[in-house]
Each structure stands twice: as structure tokens, then as C-alpha cells.
Amino acid sequence: MEVLENKSRFHPKYKYSMIEGESAELSKRKKLSNLIREVTHFVPYYKQFLESTDTYDDPVQALARLPITEKALLHNHAEQFYSERIDKSRREDLLIAEVTTGSSGLPIMCYKTKEERFQLALSAWKQRRAIDARVNQSNLFCLLHSHSSQKKVVDNMRNLHSQNISKVLHYLRDEFKPLIIHCSPSDIFEYAKFIEREHFSLEDWELGFIETNSEVLTLEQKQKISQRFRTRVINNYGCREAWNIAYECREGNLHLSDEVHVEIIDMKTGDLIQPGSSDYGEVVITALPIKHFPFIRYRLGDIGRLSRLECACGLENEVLELYEARKINLIHRLTNDNTLTNGVSLFKGVFSDLVASGYSDVVQNIIRYKIIQTSTDVFDVYLMLHEALTERLTESFTHYATLRIGEGAVFNFLQKSADDPVFEGKNYSFLSRIQG
């Protein structure tokens, strides 16, 4: 079997014993030790790292010697990431397949055993019940996936037309009355705006909390959602590959999961940024329970920094602070000082400019938008509209967008329906398809 070349090699050697009442940090180090030992013996891609005579007593140091992986590597060389503990002929029976949203441009398949999924789910439910002990599967409503029990309520969970939002809100308020809503920030933000705009009353429906997932949660979104739904908003930071990565506590801090090891990597040099540094870097994760198709030092495209602090909630886990945009949300069009700009914020500012300049009708005609940068100067503007696309919209948008982004930018306007594939997956309002 062909093995991909990599010059970094090591032989892990660990000396840990189980200690009753051990700290969260020591527990995670043991899980990391077990994972590295497992994959370097049974996963073809990692077997090559056993050839060196180097030894490491510290699994964190051993991990740092392994290469960073990304979607393209796992997509193009998937066969080398399956554990040899599972016979190829039995993979379909023993591994459960999931597919990522492909928000970064490349959806990939993820594989987990039932035991691995259970371990990840257990961690997430532990975090939820720390917020509200009453929460369970029967009182959770998922606004991200069309589960069979919810298809009768809404055919397209991403349909944000006022009529559909009204239908769902009436069902939630009058029939289901869930304790928790699991949703993306951008979707539930539209529901909050509907409640505000239409003076929709929640009456006696009282939510325990709203759990956001799948996208970056901004402060503006969090405040409006919390205000209009009369409840707290909790950020569940995760991905399809590893499920929950970090969960927000009652004090508002995003604590790392017990089942995921996180590193912060300098985006230019690739060097490790230590917890406590003020510098932001790229979030790289290692999913500790997943051994049969592992995600080790896996690049997500998110930007953040780690800190160690004594949180009043009592958790010892490190705290992750996320930047308000992912790498794919940054405009790859260099400014005079060679910095990159948050495209989500920039185009949100464009719409604010339109309203402030007397173009409220233009903005009110837009149900949803997504802007995709396809080259340095070209931006495709996808619009879901109440009415037809007009020159007043295209010309005013181009004018104010050019003022913010600079001369030379070209905007292509395309009107799309709610079920168009461009609006599938994570609902980012801006994406860059430029690598770098």
C-alpha cells in the first residue's frame, strides 16, 4: 500500500497511569496518548511515523511532530486514513458515514463507529445539561436538519420567507413548546428580526436557551436573538468531523470539550501559538475518540486564540475565543497596509449605507443574500428577493460596495430561489473561493 511522504517521524512512548479524581488536563493527555498510539499502529497514513528512534514521553510534543491535515488530503487519500482494525469488507456495517457541508468549497465524508459517536454525543449533552438540567431529546427542536418529526412543519428548514417563519413560530409556540432550539446563528437571527418586525408574541412559551451551531455567532446576533426570544443564547462551536469542539458556559466563556484537543497555529509561519497569547491564529483540532477514520491536527479554517483562566462556572478546560470571521469569510483583496478584511462585516456595512442613504426599499426587497468572491476583483452577488431584481438595486449596491472595497471590483448579480443550491449548507453571507 502506498504511503504518503512526510519527513517528520517519531516513535511515541508513554508512561501514564490512571489516577482517581484526575484533572481534566491529565485526562485529555491520556486520551491523546491513546489516540496517537492507536493510529500510528493501525492507520496507514500515520504508520510511517514509527520509523524514527526518537521517543516522546509527552503526547502533546508527539502530536506536534505529526503533520497538519486538511480536507483535500483526506478527500484525495481517504483510503490511507481508515484503521486496519476494521476489515474493508465490513466498513459499511461498522462505520456510520456523514458528509460535511462543504462551506469551504470541498465537502468530505466522515466516518465514525457507534461507540465514537456515542462518546461525542455524551460530551455535548453533558454541556447542555450544565446549562439546563431539564433538557433532553424530546424537548429539543432542531432548526438545522429536517428530521422526520419536523418535516410536517416545514419542508425547507432554510426557507426564511416571512410566511414560513410565521408557520414555524406558531407551531413552536402553540404546539411543541421546546425547551431548547438547536440552530444556526443566521437562521435564528432572521426569526428574531421577524418577531421584532411583526410584533409576534411568544405568549407563555418560555425557552430554556437557544443553542447556535454551524457558523460564527456575532455579538449583534446574540443580543437580538436573546432579546426577542427572551432567553439566553449559548454558542455550541463544532463541526461535522468532530461534533462539539467548545461549549459556552453560564459565564459566557467558550470552554474546550473533553473530547477535542485544540491548537492555534500562526497562519503565516505555521508555528504553534501558546495559550494566553494575544495573537490570533488558525484553529487546528484533534478529535480524541475518533480512531477508525481520525481527524488529527485537522485544519478547520476558523480563527481564534486560547487562554487559561479561572472561570466562575468551575470548569478547568481552556477557553477558546473565536475571531468574528473564518478564513473563508475574509476578502482576499489586499488593502494599502496588506491586511485582509472581514467580508461579512464589510457587506453588512454596505447595506447599512444603503438604508442611511434612502435606499431602504432596496434592502427590504432582499430576503437573503450570499456574496462569493471568485477572483481578486470579482464578486458574485446571489439574491433571494421578494420581487424582481432592479437596476436601482444593482447600481446602488455597486456604488456603496465600491466605496468600501475600493475601485476595480466587479459585482455580478444573480437572483435565486430559496431552494437554490447556493443557499444550502452553512448560511455565510460572504465567502471567498480564493485560497490563501
# chains A, B, ... in the order shown; residues from 1 in each chain; ligands from 1
>>> select_by_dssp(residues="stretch 271-418 of chain A", states="helix (DSSP H, G or I)", output="JSON, numbers by chain")
{"A": [327, 328, 329, 343, 344, 345, 346, 347, 348, 349, 350, 351, 352, 353, 354, 355, 356, 360, 361, 362, 363, 364, 391, 392, 393, 394, 395, 396, 397, 398, 399, 400, 401, 402, 403, 404, 405]}
>>> write_last_selection(atoms="N, CA and C atoms", output="CSV table (one decimal), in the first residue's frame")
chain,number,residue,atom,x,y,z
A,327,LYS,N,-11.5,32.0,7.9
A,327,LYS,CA,-10.6,32.4,6.8
A,327,LYS,C,-11.4,32.5,5.5
A,328,ILE,N,-12.4,31.7,5.3
A,328,ILE,CA,-13.2,31.8,4.1
A,328,ILE,C,-14.1,33.0,4.1
A,329,ASN,N,-14.2,33.7,5.2
A,329,ASN,CA,-15.0,34.9,5.3
A,329,ASN,C,-14.2,36.2,5.1
A,343,GLY,N,-15.2,40.0,5.2
A,343,GLY,CA,-16.2,40.3,4.2
A,343,GLY,C,-17.6,40.4,4.7
A,344,VAL,N,-17.9,39.5,5.8
A,344,VAL,CA,-19.3,39.6,6.4
A,344,VAL,C,-19.6,40.9,6.9
A,345,SER,N,-18.6,41.5,7.6
A,345,SER,CA,-18.8,42.8,8.2
A,345,SER,C,-18.9,43.9,7.2
A,346,LEU,N,-18.0,43.8,6.1
A,346,LEU,CA,-17.9,44.8,5.1
A,346,LEU,C,-19.3,45.0,4.4
A,347,PHE,N,-19.8,43.8,3.9
A,347,PHE,CA,-21.0,43.9,3.2
A,347,PHE,C,-22.2,44.2,4.0
A,348,LYS,N,-22.2,43.9,5.3
A,348,LYS,CA,-23.2,44.3,6.2
A,348,LYS,C,-23.2,45.8,6.3
A,349,GLY,N,-22.0,46.4,6.3
A,349,GLY,CA,-21.9,47.8,6.3
A,349,GLY,C,-22.4,48.5,5.0
A,350,VAL,N,-22.3,47.8,3.9
A,350,VAL,CA,-22.9,48.3,2.6
A,350,VAL,C,-24.4,48.4,2.7
A,351,PHE,N,-25.0,47.4,3.3
A,351,PHE,CA,-26.5,47.5,3.5
A,351,PHE,C,-26.9,48.6,4.5
A,352,SER,N,-26.1,48.8,5.5
A,352,SER,CA,-26.3,49.9,6.4
A,352,SER,C,-26.2,51.3,5.6
A,353,ASP,N,-25.2,51.4,4.7
A,353,ASP,CA,-25.1,52.6,3.9
A,353,ASP,C,-26.3,52.8,3.1
A,354,LEU,N,-26.8,51.7,2.5
A,354,LEU,CA,-28.0,51.9,1.6
A,354,LEU,C,-29.2,52.4,2.4
A,355,VAL,N,-29.4,51.9,3.6
A,355,VAL,CA,-30.5,52.3,4.4
A,355,VAL,C,-30.4,53.8,4.8
A,356,ALA,N,-29.1,54.1,5.2
A,356,ALA,CA,-28.8,55.5,5.6
A,356,ALA,C,-29.0,56.5,4.5
A,360,SER,N,-33.9,52.2,1.6
A,360,SER,CA,-34.5,51.2,2.4
A,360,SER,C,-35.3,50.2,1.6
A,361,ASP,N,-36.0,50.7,0.6
A,361,ASP,CA,-36.8,49.8,-0.3
A,361,ASP,C,-35.9,48.7,-0.9
A,362,VAL,N,-34.7,49.1,-1.3
A,362,VAL,CA,-33.8,48.1,-1.9
A,362,VAL,C,-33.5,47.0,-0.9
A,363,VAL,N,-33.2,47.4,0.3
A,363,VAL,CA,-32.8,46.4,1.4
A,363,VAL,C,-34.0,45.6,1.8
A,364,GLN,N,-35.2,46.2,1.9
A,364,GLN,CA,-36.4,45.5,2.3
A,364,GLN,C,-36.8,44.4,1.2
A,391,GLU,N,-32.5,47.7,-11.5
A,391,GLU,CA,-31.3,48.5,-11.7
A,391,GLU,C,-31.0,49.3,-10.5
A,392,ARG,N,-32.1,49.8,-9.8
A,392,ARG,CA,-31.9,50.6,-8.6
A,392,ARG,C,-31.1,49.8,-7.6
A,393,LEU,N,-31.4,48.5,-7.5
A,393,LEU,CA,-30.7,47.7,-6.5
A,393,LEU,C,-29.2,47.5,-6.9
A,394,THR,N,-29.0,47.0,-8.2
A,394,THR,CA,-27.6,46.7,-8.6
A,394,THR,C,-26.8,48.0,-8.7
A,395,GLU,N,-27.3,49.1,-9.1
A,395,GLU,CA,-26.5,50.3,-9.2
A,395,GLU,C,-26.1,50.9,-7.8
A,396,SER,N,-27.1,50.9,-6.9
A,396,SER,CA,-26.9,51.5,-5.6
A,396,SER,C,-25.9,50.6,-4.8
A,397,PHE,N,-26.1,49.2,-4.9
A,397,PHE,CA,-25.2,48.3,-4.2
A,397,PHE,C,-23.8,48.5,-4.7
A,398,THR,N,-23.6,48.5,-6.0
A,398,THR,CA,-22.3,48.6,-6.6
A,398,THR,C,-21.6,49.9,-6.2
A,399,HIS,N,-22.3,51.0,-6.1
A,399,HIS,CA,-21.8,52.3,-5.7
A,399,HIS,C,-21.2,52.2,-4.3
A,400,TYR,N,-22.1,51.7,-3.3
A,400,TYR,CA,-21.6,51.8,-1.9
A,400,TYR,C,-20.6,50.6,-1.6
A,401,ALA,N,-20.7,49.5,-2.3
A,401,ALA,CA,-19.7,48.5,-2.1
A,401,ALA,C,-18.4,48.9,-2.6
A,402,THR,N,-18.3,49.6,-3.7
A,402,THR,CA,-17.1,50.1,-4.3
A,402,THR,C,-16.4,51.1,-3.3
A,403,LEU,N,-17.3,52.0,-2.7
A,403,LEU,CA,-16.7,52.9,-1.7
A,403,LEU,C,-16.0,52.2,-0.6
A,404,ARG,N,-16.5,51.1,-0.2
A,404,ARG,CA,-15.9,50.3,1.0
A,404,ARG,C,-14.8,49.4,0.5
A,405,ILE,N,-14.9,48.8,-0.6
A,405,ILE,CA,-13.9,47.8,-1.0
A,405,ILE,C,-12.8,48.3,-1.9
>>> residues_around(residues="A:Lys31", least_positions_apart="6", cutoff="12 Å", atoms="only C-alpha atoms", output="list in words")
Tyr14, Tyr16, Ser17, Met18, Ala24, Glu25, Arg37, Glu38, Pro59, Val60, Asp258, Glu259, Val260, His261, Thr286, Ala287, Leu288, Pro289, Ile290 and Lys291 of chain A
>>> select_by_dssp(residues="stretch 94-199 of chain A", states="strand (DSSP E or B)", output="PyMOL selection string")
chain A and resi 96-99+109-112+140-142+180-183
>>> atom_distance(atom1="atom CA of A:Leu254", atom2="atom CA of A:Glu115")
25.7 Å
>>> residues_around(residues="stretch 66-83 of chain A", least_positions_apart="3", cutoff="6 Å", atoms="only C-alpha atoms", output="list of chain:residue names")
A:Phe42, A:Val43, A:Pro44, A:Tyr45, A:Leu63, A:Ile108, A:His292, A:Phe293, A:Arg297, A:Tyr298, A:Arg299
>>> write_last_selection(atoms="N, CA, C and O atoms", output="mmCIF file, in the first residue's frame")
data_model
loop_
_atom_site.group_PDB
_atom_site.id
_atom_site.type_symbol
_atom_site.label_atom_id
_atom_site.label_comp_id
_atom_site.auth_asym_id
_atom_site.auth_seq_id
_atom_site.Cartn_x
_atom_site.Cartn_y
_atom_site.Cartn_z
ATOM 1 N N PHE A 42 -2.165 1.446 13.476
ATOM 2 C CA PHE A 42 -3.228 0.828 12.687
ATOM 3 C C PHE A 42 -3.760 1.690 11.538
ATOM 4 O O PHE A 42 -4.576 1.207 10.761
ATOM 5 N N VAL A 43 -3.368 2.944 11.440
ATOM 6 C CA VAL A 43 -3.818 3.797 10.344
ATOM 7 C C VAL A 43 -2.649 4.004 9.381
ATOM 8 O O VAL A 43 -1.610 4.552 9.766
ATOM 9 N N PRO A 44 -2.759 3.553 8.125
ATOM 10 C CA PRO A 44 -1.624 3.576 7.191
ATOM 11 C C PRO A 44 -0.919 4.924 7.090
ATOM 12 O O PRO A 44 0.312 4.973 7.068
ATOM 13 N N TYR A 45 -1.664 6.007 7.031
ATOM 14 C CA TYR A 45 -1.029 7.320 6.872
ATOM 15 C C TYR A 45 -0.081 7.626 8.014
ATOM 16 O O TYR A 45 0.954 8.259 7.824
ATOM 17 N N LEU A 63 2.344 14.913 19.320
ATOM 18 C CA LEU A 63 1.341 15.408 18.387
ATOM 19 C C LEU A 63 1.924 16.491 17.488
ATOM 20 O O LEU A 63 1.639 16.539 16.281
ATOM 21 N N ILE A 108 -16.530 16.641 2.438
ATOM 22 C CA ILE A 108 -15.848 15.352 2.566
ATOM 23 C C ILE A 108 -16.695 14.413 3.407
ATOM 24 O O ILE A 108 -17.570 14.839 4.147
ATOM 25 N N HIS A 292 -10.931 5.342 14.025
ATOM 26 C CA HIS A 292 -11.100 4.480 12.854
ATOM 27 C C HIS A 292 -11.089 5.244 11.541
ATOM 28 O O HIS A 292 -10.913 4.654 10.481
ATOM 29 N N PHE A 293 -11.278 6.555 11.592
ATOM 30 C CA PHE A 293 -11.050 7.459 10.469
ATOM 31 C C PHE A 293 -10.724 8.808 11.117
ATOM 32 O O PHE A 293 -11.552 9.706 11.194
ATOM 33 N N ARG A 297 -4.826 16.938 14.054
ATOM 34 C CA ARG A 297 -4.260 18.223 13.636
ATOM 35 C C ARG A 297 -4.963 18.673 12.353
ATOM 36 O O ARG A 297 -4.342 19.022 11.355
ATOM 37 N N TYR A 298 -6.254 18.717 12.440
ATOM 38 C CA TYR A 298 -7.125 18.949 11.285
ATOM 39 C C TYR A 298 -7.464 20.429 11.190
ATOM 40 O O TYR A 298 -7.976 21.025 12.136
ATOM 41 N N ARG A 299 -7.195 21.008 10.034
ATOM 42 C CA ARG A 299 -7.401 22.437 9.807
ATOM 43 C C ARG A 299 -8.863 22.711 9.480
ATOM 44 O O ARG A 299 -9.426 22.139 8.553
#
